[in-house]
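What's in run26.tsv: TSV, C-alpha atoms
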```
chain	number	residue	atom	x	y	z
A	686	MET	CA	-10.79	-20.72	-51.68
A	687	GLU	CA	-11.02	-21.77	-55.33
A	688	CYS	CA	-10.69	-18.14	-56.48
A	689	ASN	CA	-7.66	-17.76	-54.28
A	690	ASP	CA	-5.99	-20.81	-55.82
A	691	LEU	CA	-6.74	-19.57	-59.32
A	692	PHE	CA	-5.30	-16.19	-58.49
A	693	LEU	CA	-2.12	-17.70	-57.05
A	694	ARG	CA	-1.69	-19.94	-60.10
A	695	ALA	CA	-2.17	-16.99	-62.45
A	696	LEU	CA	0.27	-14.90	-60.46
A	697	GLU	CA	2.84	-17.69	-60.49
A	698	GLU	CA	2.53	-18.16	-64.25
A	699	THR	CA	2.81	-14.43	-64.91
A	700	TYR	CA	5.84	-14.12	-62.68
A	701	ASP	CA	7.47	-17.20	-64.22
A	702	ASP	CA	6.97	-15.82	-67.72
A	703	GLU	CA	8.23	-12.37	-66.79
A	704	PHE	CA	11.19	-13.87	-64.97
A	705	GLU	CA	12.10	-16.05	-67.93
A	706	ASP	CA	11.86	-13.06	-70.28
A	707	TYR	CA	13.98	-10.92	-67.97
A	708	MET	CA	16.65	-13.61	-67.60
A	709	SER	CA	16.72	-14.16	-71.40
A	710	SER	CA	17.16	-10.41	-71.96
A	711	LEU	CA	20.09	-10.41	-69.55
A	712	GLU	CA	21.70	-13.34	-71.32
A	713	GLU	CA	21.30	-11.58	-74.64
A	714	ARG	CA	22.64	-8.31	-73.29
A	715	TYR	CA	25.68	-9.69	-71.52
A	716	GLY	CA	26.16	-12.84	-73.56
A	717	CYS	CA	26.35	-15.18	-70.62
A	718	GLU	CA	23.96	-17.32	-68.60
A	719	HIS	CA	23.38	-16.36	-65.01
A	720	ILE	CA	24.05	-19.19	-62.61
A	721	PHE	CA	23.11	-18.90	-58.96
A	722	GLY	CA	25.81	-19.83	-56.50
A	723	THR	CA	25.73	-23.18	-54.64
A	724	LYS	CA	25.36	-21.43	-51.30
A	725	HIS	CA	22.38	-19.43	-52.57
A	726	ASN	CA	20.70	-22.51	-53.99
A	727	LYS	CA	21.23	-24.39	-50.74
A	728	GLU	CA	19.71	-21.55	-48.75
A	729	MET	CA	16.76	-21.34	-51.11
A	730	ALA	CA	16.21	-25.08	-50.94
A	731	LYS	CA	16.37	-24.92	-47.21
A	732	LEU	CA	13.81	-22.11	-47.09
A	733	ILE	CA	11.43	-23.94	-49.41
A	734	LYS	CA	11.83	-27.12	-47.41
A	735	ARG	CA	11.10	-25.30	-44.18
A	736	GLN	CA	8.05	-23.66	-45.67
A	737	ARG	CA	6.63	-27.03	-46.70
A	738	ARG	CA	6.81	-28.45	-43.20
A	739	PRO	CA	3.38	-28.81	-41.54
A	740	TYR	CA	4.44	-26.87	-38.43
A	741	PHE	CA	5.94	-23.95	-40.44
A	742	LYS	CA	3.11	-21.59	-39.45
A	743	LEU	CA	3.71	-22.36	-35.81
A	744	ILE	CA	7.48	-21.74	-36.13
A	745	SER	CA	7.06	-18.57	-38.19
A	746	SER	CA	4.98	-17.00	-35.38
A	747	THR	CA	7.44	-17.94	-32.59
A	748	GLY	CA	8.92	-14.44	-32.55
A	749	ARG	CA	5.52	-12.86	-32.19
A	750	ARG	CA	4.53	-15.33	-29.48
A	751	ALA	CA	7.73	-14.62	-27.57
A	752	ALA	CA	7.10	-10.89	-27.94
A	753	CYS	CA	3.56	-11.31	-26.56
A	754	ILE	CA	4.84	-13.28	-23.56
A	755	ILE	CA	7.56	-10.70	-22.85
A	756	ILE	CA	5.07	-7.83	-23.12
A	757	ALA	CA	2.56	-9.61	-20.89
A	758	PHE	CA	5.32	-10.20	-18.33
A	759	ILE	CA	6.42	-6.54	-18.41
A	760	VAL	CA	2.83	-5.29	-18.13
A	761	MET	CA	2.22	-7.59	-15.18
A	762	SER	CA	5.46	-6.47	-13.52
A	763	ALA	CA	4.56	-2.82	-14.07
A	764	SER	CA	1.12	-3.43	-12.61
A	765	ALA	CA	2.65	-5.12	-9.60
A	766	LEU	CA	4.65	-1.93	-8.91
A	767	SER	CA	1.51	0.10	-8.51
A	768	VAL	CA	-0.34	-2.34	-6.26
A	769	LYS	CA	0.86	-1.93	-2.74
A	770	ALA	CA	-1.90	-3.50	-0.76
A	771	ILE	CA	-5.44	-4.64	-1.15
A	772	ARG	CA	-7.79	-1.79	-0.35
A	773	GLU	CA	-11.10	-2.53	1.25
A	774	ALA	CA	-13.76	-0.03	2.25
A	775	ILE	CA	-15.78	-0.61	5.39
A	776	PHE	CA	-18.32	2.19	5.72
A	777	ASP	CA	-16.23	5.41	5.68
A	778	PHE	CA	-12.99	3.58	6.46
A	779	ILE	CA	-10.36	2.37	4.05
A	780	THR	CA	-8.36	-0.65	5.07
A	781	ASN	CA	-5.05	-1.29	3.34
A	782	ILE	CA	-4.49	-4.97	3.84
A	783	PHE	CA	-0.89	-6.21	4.06
A	784	SER	CA	0.37	-9.69	4.81
A	785	ASP	CA	0.44	-9.29	8.59
A	786	HIS	CA	-1.16	-5.93	9.34
A	787	ASN	CA	-3.97	-3.63	8.24
A	788	VAL	CA	-3.66	0.13	8.00
A	789	VAL	CA	-7.03	1.69	8.73
A	790	THR	CA	-7.57	5.21	7.48
A	791	THR	CA	-10.32	7.42	6.08
A	792	GLU	CA	-11.14	8.53	2.56
A	793	SER	CA	-9.39	11.88	2.15
A	794	GLU	CA	-12.07	13.29	-0.18
A	795	THR	CA	-14.66	13.10	2.59
A	796	ASP	CA	-12.88	15.43	5.07
A	797	ILE	CA	-14.93	18.49	4.09
A	798	GLY	CA	-16.84	19.87	7.06
A	799	TYR	CA	-14.79	17.96	9.62
A	800	PRO	CA	-12.63	19.90	12.09
A	801	THR	CA	-8.93	19.88	11.29
A	802	THR	CA	-7.99	20.03	14.99
A	803	ILE	CA	-9.65	18.78	18.16
A	804	GLU	CA	-12.10	21.60	18.85
A	805	GLU	CA	-14.21	19.78	21.39
A	806	GLU	CA	-13.17	16.91	23.59
A	807	TYR	CA	-15.42	13.88	24.04
A	808	PHE	CA	-15.63	11.53	27.01
A	809	ILE	CA	-17.26	8.21	27.92
A	810	SER	CA	-20.23	9.22	30.04
A	811	GLU	CA	-21.07	5.71	31.28
A	812	LEU	CA	-17.65	4.44	32.28
A	813	PRO	CA	-18.26	1.82	35.00
A	814	ASP	CA	-17.43	2.66	38.61
A	815	GLY	CA	-13.92	1.84	39.70
A	816	PHE	CA	-12.20	2.64	36.40
A	817	GLU	CA	-9.40	5.17	36.76
A	818	GLU	CA	-7.68	7.25	34.13
A	819	MET	CA	-4.09	6.01	33.86
A	820	ASP	CA	-2.70	7.81	30.79
A	821	LYS	CA	-3.79	10.70	28.67
A	822	GLU	CA	-1.74	11.92	25.69
A	823	LYS	CA	-2.82	14.43	23.09
A	824	THR	CA	-1.79	16.39	20.04
A	825	ASP	CA	-3.83	18.94	18.10
A	826	ASN	CA	-5.10	16.00	16.01
A	827	SER	CA	-5.88	13.35	18.57
A	828	ILE	CA	-6.41	12.29	22.17
A	829	ASP	CA	-5.62	8.87	23.66
A	830	ILE	CA	-6.79	7.93	27.14
A	831	SER	CA	-6.47	4.66	29.06
A	832	TYR	CA	-8.68	3.61	31.99
A	833	PHE	CA	-7.99	0.63	34.22
A	834	ARG	CA	-9.88	-1.28	36.93
A	835	ASN	CA	-7.53	-4.04	38.04
A	836	ASP	CA	-7.13	-6.23	34.92
A	837	GLU	CA	-9.97	-4.62	33.06
A	838	TYR	CA	-9.19	-1.80	30.69
A	839	VAL	CA	-10.77	0.72	28.34
A	840	PHE	CA	-8.79	2.68	25.73
A	841	PHE	CA	-10.55	5.72	24.30
A	842	THR	CA	-9.25	7.49	21.19
A	843	GLN	CA	-10.56	10.60	19.47
A	844	TYR	CA	-9.01	11.64	16.14
A	845	THR	CA	-9.60	14.29	13.52
A	846	LYS	CA	-10.69	12.62	10.33
A	847	ALA	CA	-7.74	13.95	8.31
A	848	ALA	CA	-5.15	12.62	10.76
A	849	TYR	CA	-6.73	9.24	11.43
A	850	GLU	CA	-4.42	6.38	10.58
A	851	GLN	CA	-3.95	3.29	12.74
A	852	THR	CA	-2.13	0.05	12.15
A	853	TYR	CA	-3.53	-3.24	13.43
A	854	ASP	CA	-2.29	-6.78	13.43
A	855	ASN	CA	-4.44	-8.87	11.09
A	856	GLU	CA	-3.11	-12.35	11.78
A	857	ARG	CA	-4.50	-12.70	15.29
A	858	SER	CA	-7.33	-10.21	14.75
A	859	GLU	CA	-10.66	-10.40	12.95
A	860	PHE	CA	-12.13	-7.40	11.12
A	861	ASN	CA	-15.89	-6.99	10.78
A	862	GLU	CA	-18.55	-4.34	10.40
A	863	TYR	CA	-21.59	-3.72	12.52
A	864	THR	CA	-24.55	-1.34	12.34
A	865	ASP	CA	-26.40	-0.74	15.61
A	866	SER	CA	-30.14	-0.14	16.06
A	867	ASP	CA	-29.59	3.63	15.74
A	868	GLY	CA	-27.92	3.18	12.36
A	869	GLU	CA	-24.42	3.96	13.65
A	870	GLN	CA	-21.83	2.05	11.65
A	871	TYR	CA	-18.80	0.51	13.32
A	872	MET	CA	-15.67	-1.24	12.18
A	873	VAL	CA	-15.13	-4.02	14.72
A	874	ILE	CA	-11.76	-5.62	15.44
A	875	THR	CA	-11.75	-8.67	17.68
A	876	ASN	CA	-8.75	-10.50	19.07
A	877	LYS	CA	-7.57	-12.33	22.17
A	878	SER	CA	-6.88	-9.04	23.97
A	879	GLY	CA	-10.38	-7.63	23.54
A	880	ILE	CA	-12.68	-5.81	21.14
A	881	THR	CA	-12.27	-2.50	19.30
A	882	TYR	CA	-15.08	-0.40	17.87
A	883	ILE	CA	-14.18	2.36	15.41
A	884	TRP	CA	-16.75	4.86	14.23
A	885	ASP	CA	-17.23	8.29	12.68
A	886	ASN	CA	-19.77	10.54	14.42
A	887	GLY	CA	-19.71	13.14	11.65
A	888	ARG	CA	-17.16	15.32	13.50
A	889	TYR	CA	-14.36	12.99	14.62
A	890	ILE	CA	-13.19	9.39	14.41
A	891	PHE	CA	-13.45	7.42	17.66
A	892	GLU	CA	-12.09	4.15	18.92
A	893	ILE	CA	-12.88	2.27	22.06
A	894	THR	CA	-10.93	-0.88	22.89
A	895	SER	CA	-11.77	-2.94	25.94
A	896	ASN	CA	-11.65	-6.41	27.41
A	897	LEU	CA	-15.16	-5.92	28.81
A	898	ASP	CA	-17.80	-7.91	26.95
A	899	LYS	CA	-18.72	-6.67	23.49
A	900	GLU	CA	-22.25	-5.50	24.40
A	901	TYR	CA	-20.93	-3.44	27.29
A	902	THR	CA	-18.13	-2.02	25.16
A	903	LEU	CA	-20.70	-1.00	22.55
A	904	LYS	CA	-22.69	0.67	25.33
A	905	LEU	CA	-19.59	2.72	26.17
A	906	CYS	CA	-19.33	3.81	22.52
A	907	LYS	CA	-22.93	4.96	22.50
A	908	SER	CA	-22.36	6.92	25.70
A	909	THR	CA	-19.62	9.21	24.33
A	910	LYS	CA	-20.49	12.88	24.74
A	911	VAL	CA	-18.89	16.29	24.30
A	912	LYS	CA	-17.29	17.63	27.46
A	913	SER	CA	-19.14	20.73	28.60
B	126	MET	CA	9.08	-7.35	-36.63
B	127	LYS	CA	12.01	-6.18	-34.55
B	128	ARG	CA	10.91	-2.59	-34.97
B	129	ILE	CA	7.38	-3.35	-33.87
B	130	LEU	CA	8.70	-5.27	-30.89
B	131	ALA	CA	11.03	-2.40	-29.97
B	132	ILE	CA	8.19	0.14	-30.22
B	133	LEU	CA	5.91	-2.03	-28.13
B	134	LEU	CA	8.58	-2.61	-25.49
B	135	SER	CA	9.37	1.12	-25.35
B	136	PHE	CA	5.68	1.89	-24.89
B	137	VAL	CA	5.25	-0.66	-22.11
B	138	MET	CA	8.44	0.46	-20.36
B	139	SER	CA	7.31	4.09	-20.55
B	140	LEU	CA	4.03	3.02	-19.01
B	141	GLY	CA	5.89	1.21	-16.23
B	142	MET	CA	7.99	4.29	-15.51
B	143	GLY	CA	4.83	6.34	-15.18
B	144	ILE	CA	3.48	3.93	-12.62
B	145	SER	CA	6.76	3.96	-10.68
B	146	ALA	CA	6.71	7.74	-10.60
B	147	TYR	CA	3.24	7.61	-9.10
B	148	ALA	CA	4.40	5.21	-6.38
B	149	LEU	CA	7.42	7.30	-5.34
B	150	PRO	CA	5.70	9.83	-3.05
B	151	GLU	CA	4.21	7.01	-1.03
B	152	GLU	CA	7.70	5.65	-0.42
B	153	GLU	CA	8.86	9.05	0.79
B	154	THR	CA	6.22	9.13	3.50
B	155	PRO	CA	5.06	5.58	3.89
B	156	ILE	CA	1.62	5.15	5.34
B	157	ASP	CA	2.51	1.65	6.23
B	158	ILE	CA	5.25	-0.20	7.97
B	159	GLU	CA	8.89	-1.04	7.48
B	160	PHE	CA	8.77	-4.21	9.49
B	161	VAL	CA	11.44	-6.68	10.23
B	162	ASP	CA	9.36	-9.28	11.95
B	163	GLU	CA	5.72	-10.18	11.84
B	164	TYR	CA	3.06	-8.79	14.10
B	165	SER	CA	3.49	-11.57	16.59
B	166	TYR	CA	3.12	-9.56	19.78
B	167	THR	CA	1.74	-6.22	18.58
B	168	ASP	CA	-1.99	-5.51	18.31
B	169	LYS	CA	-1.92	-1.84	17.33
B	170	ILE	CA	0.50	0.98	16.68
B	171	SER	CA	0.08	4.64	15.72
B	172	SER	CA	2.24	7.70	15.21
B	173	ASP	CA	0.73	11.18	15.31
B	174	MET	CA	2.28	14.64	15.15
B	175	SER	CA	0.86	18.15	15.00
B	176	ILE	CA	2.57	21.51	14.67
B	177	SER	CA	1.37	24.82	16.03
B	178	ASN	CA	3.37	27.97	16.77
B	179	ASN	CA	6.51	26.28	15.46
B	180	THR	CA	6.20	23.56	18.08
B	181	ALA	CA	5.73	19.90	17.16
B	182	THR	CA	3.76	17.66	19.49
B	183	CYS	CA	4.54	14.01	18.94
B	184	LYS	CA	2.51	11.04	20.15
B	185	SER	CA	3.10	7.31	19.75
B	186	VAL	CA	0.72	4.63	20.96
B	187	VAL	CA	1.56	0.93	20.98
B	188	ARG	CA	-0.58	-1.91	22.28
B	189	GLY	CA	0.74	-5.42	22.51
B	190	ASP	CA	-1.08	-8.69	22.94
B	191	THR	CA	-2.04	-8.66	26.63
B	192	SER	CA	-0.92	-12.25	27.15
B	193	LEU	CA	2.31	-12.08	25.12
B	194	ALA	CA	3.83	-8.59	25.23
B	195	THR	CA	5.98	-7.91	28.29
B	196	LYS	CA	7.95	-4.79	27.42
B	197	ILE	CA	7.81	-2.01	24.82
B	198	VAL	CA	10.67	0.29	23.85
B	199	ILE	CA	9.56	3.31	21.83
B	200	THR	CA	11.95	5.56	19.94
B	201	GLN	CA	10.47	8.70	18.44
B	202	THR	CA	12.39	10.62	15.79
B	203	LEU	CA	11.17	13.94	14.46
B	204	GLN	CA	12.23	14.22	10.84
B	205	LYS	CA	12.36	17.21	8.49
B	206	LYS	CA	11.96	16.94	4.74
B	207	ASN	CA	15.08	17.93	2.88
B	208	GLY	CA	14.49	17.71	-0.87
B	209	ASN	CA	13.57	14.10	-1.51
B	210	SER	CA	15.00	12.76	1.74
B	211	TRP	CA	14.33	13.14	5.45
B	212	THR	CA	16.82	14.34	8.05
B	213	ASN	CA	16.54	13.66	11.76
B	214	VAL	CA	15.83	16.71	13.92
B	215	THR	CA	15.65	15.10	17.35
B	216	SER	CA	14.92	11.78	19.03
B	217	TRP	CA	13.43	10.50	22.26
B	218	SER	CA	13.29	7.01	23.69
B	219	LYS	CA	11.53	5.33	26.59
B	220	THR	CA	11.03	1.80	27.93
B	221	PHE	CA	7.61	0.68	29.20
B	222	ASN	CA	7.61	-2.53	31.23
B	223	THR	CA	4.07	-3.44	30.28
B	224	TRP	CA	1.97	-4.52	27.28
B	225	TYR	CA	0.92	-1.03	26.19
B	226	ALA	CA	2.62	2.34	25.83
B	227	MET	CA	1.58	5.94	25.21
B	228	TYR	CA	4.46	8.30	24.69
B	229	SER	CA	4.45	12.03	23.94
B	230	ASN	CA	7.11	14.67	23.40
B	231	SER	CA	7.35	18.12	21.94
B	232	LYS	CA	9.96	20.13	20.11
B	233	SER	CA	9.79	23.91	19.95
B	234	SER	CA	11.49	26.52	17.73
B	235	LEU	CA	11.13	24.55	14.54
B	236	ASN	CA	12.40	26.07	11.34
B	237	SER	CA	9.86	26.35	8.58
B	238	GLY	CA	9.46	23.16	6.61
B	239	THR	CA	7.65	19.83	6.44
B	240	TYR	CA	7.99	17.36	9.29
B	241	ARG	CA	6.91	13.86	10.22
B	242	LEU	CA	7.25	11.63	13.24
B	243	LYS	CA	8.96	8.27	12.92
B	244	THR	CA	7.99	5.82	15.63
B	245	VAL	CA	10.05	2.69	16.12
B	246	ALA	CA	8.64	0.21	18.60
B	247	LYS	CA	10.42	-2.84	19.93
B	248	VAL	CA	7.74	-5.08	21.37
B	249	TYR	CA	9.12	-7.78	23.62
B	250	SER	CA	7.75	-11.13	24.64
B	251	GLY	CA	10.28	-12.30	27.19
B	252	ASN	CA	13.64	-12.20	25.45
B	253	ASN	CA	12.18	-12.17	21.96
B	254	TYR	CA	11.10	-8.99	20.28
B	255	GLU	CA	9.79	-7.58	17.04
B	256	THR	CA	10.58	-4.18	15.61
B	257	ILE	CA	7.89	-2.13	13.93
B	258	THR	CA	8.26	1.30	12.35
B	259	VAL	CA	5.40	3.64	11.50
B	260	TYR	CA	5.32	7.24	10.31
B	261	SER	CA	2.88	10.01	11.07
B	262	ARG	CA	1.29	12.10	8.38
B	263	THR	CA	3.29	15.15	7.49
B	264	ALA	CA	2.74	18.63	8.96
B	265	SER	CA	4.27	21.95	7.97
B	266	CYS	CA	5.16	25.20	9.67
```
Translate this file's structure into structure tokens.
Amino acid sequence: MECNDLFLRALEETYDDEFEDYMSSLEERYGCEHIFGTKHNKEMAKLIKRQRRPYFKLISSTGRRAACIIIAFIVMSASALSVKAIREAIFDFITNIFSDHNVVTTESETDIGYPTTIEEEYFISELPDGFEEMDKEKTDNSIDISYFRNDEYVFFTQYTKAAYEQTYDNERSEFNEYTDSDGEQYMVITNKSGITYIWDNGRYIFEITSNLDKEYTLKLCKSTKVKS
Amino acid sequence: MKRILAILLSFVMSLGMGISAYALPEEETPIDIEFVDEYSYTDKISSDMSISNNTATCKSVVRGDTSLATKIVITQTLQKKNGNSWTNVTSWSKTFNTWYAMYSNSKSSLNSGTYRLKTVAKVYSGNNYETITVYSRTASC
């Protein structure tokens, strides 16, 4: 600190001397004394006065502070553009969470080895007596079947992994995960209408939705087999 | 100072443009929903389409809340990619007077190109309804 002060003093003295010499040489050369204008002197006085104020350092960095705030705002805005939804992984499933719905899909990098079309059709082997098939719709990628027994229902869905993408309400529904005693992993969606189990058997993605109790619905999941 | 600020702003804006460019394809074929209302009556919706032998098979499934949904109107539109936009090829519509709906259609003799299925579901609860739109993944022929 002391060295710094000494240096500044020395610099000031040197400059003052050199300045005086230079000004004297000018006077000698041109035979007149240089006088700074009133406006210039006022501006200089103003600058010096400003510099002596205790909060000068704070003011002098205002531009930089403003620049930092603007940049931070732009970076945050740019980041917001790229974030569409919160992504959450449950087992092999990716859930894109929006304000009122979730889009459940699979990780595209893990499709290798999975059929790209429905090559073999599965069925629920332990569907309770009395349930009747009401609807069956299919594409090369998926099959949807509904079964009804009066007010009771079972919806069975089989999808290829690459085509699997379903949208669920998330305001009235609860999303959980469950691993059964055999190690099978399920995404579980529960709401007022019933329960949905979603799982990947290594070939296809399946869903069973029912208003039967959750243990019985799980039993239906475990009973799915390939049609012979 | 101004120069530094200008350089920094240019850099950040360039970065932002890069991010926007990444987001654009998702907007072309949204995996999510263009929704007008909230999911008040709808539990689940899906839109699936496959193409084989120049024939598109289209399937839409909608399930409403069993105690709230009373009627579902599904409109399917097969769309073909045309540059950066999508043009409608054909449409089908059907009303289901119940809380769930499964609806399938097919369109043959497709020209080569990339297609998707747009499913628009109006899910009613009495006189009130919500409109939900979902798109299938794309398929080509």
query: Which neighbours of range 164-172 of chain B fall inside 6 Å, counting all atoms listed in the file, when residues of the same chain fewer than 6 positions from it are skipped, and could you give them as a PyMOL selection string?
result: (chain A and resi 851-854) or (chain B and resi 184-190+193-194+260-261)
Can you spit out the residues from that selection as a short mmCIF file (atom, residue, chain, number, x, y, z; two decimals), in the frame of the given file, using C-alpha atoms?
```cif
data_model
loop_
_atom_site.label_atom_id
_atom_site.label_comp_id
_atom_site.auth_asym_id
_atom_site.auth_seq_id
_atom_site.Cartn_x
_atom_site.Cartn_y
_atom_site.Cartn_z
CA GLN A 851 -3.95 3.29 12.74
CA THR A 852 -2.13 0.05 12.15
CA TYR A 853 -3.53 -3.24 13.43
CA ASP A 854 -2.29 -6.78 13.43
CA LYS B 184 2.51 11.04 20.15
CA SER B 185 3.10 7.31 19.75
CA VAL B 186 0.72 4.63 20.96
CA VAL B 187 1.56 0.93 20.98
CA ARG B 188 -0.58 -1.91 22.28
CA GLY B 189 0.74 -5.42 22.51
CA ASP B 190 -1.08 -8.69 22.94
CA LEU B 193 2.31 -12.08 25.12
CA ALA B 194 3.83 -8.59 25.23
CA TYR B 260 5.32 7.24 10.31
CA SER B 261 2.88 10.01 11.07
#
```
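CA of Lys821 in chain A is found 18.4 Å from CA of Asp836 in chain A.
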query: Residues of chain A within 7 Å of chain B, using all atoms listed in the file, as number ranges by chain?
result: A: 752, 756, 760, 763, 766-767, 785-786, 788, 822-826, 848, 851-854, 878
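Atom to atom, CA of Ser745 in chain A and CA of Leu696 in chain A stand 23.6 Å apart.
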Contact residues around range 896-908 of chain A with all atoms listed in the file at 6 Å, ignoring same-chain residues under 5 positions, as a PDB file with C-alpha atoms, keeping the file's coordinate frame:
```pdb
ATOM      1  CA  ILE A 809     -17.260   8.210  27.920  1.00  0.00           C
ATOM      2  CA  SER A 810     -20.230   9.220  30.040  1.00  0.00           C
ATOM      3  CA  GLU A 811     -21.070   5.710  31.280  1.00  0.00           C
ATOM      4  CA  GLY A 879     -10.380  -7.630  23.540  1.00  0.00           C
TER       5      GLY A 879
END
```
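Here CA of Ile755 in chain A stands at a distance of 27.0 Å from CA of Arg738 in chain A.
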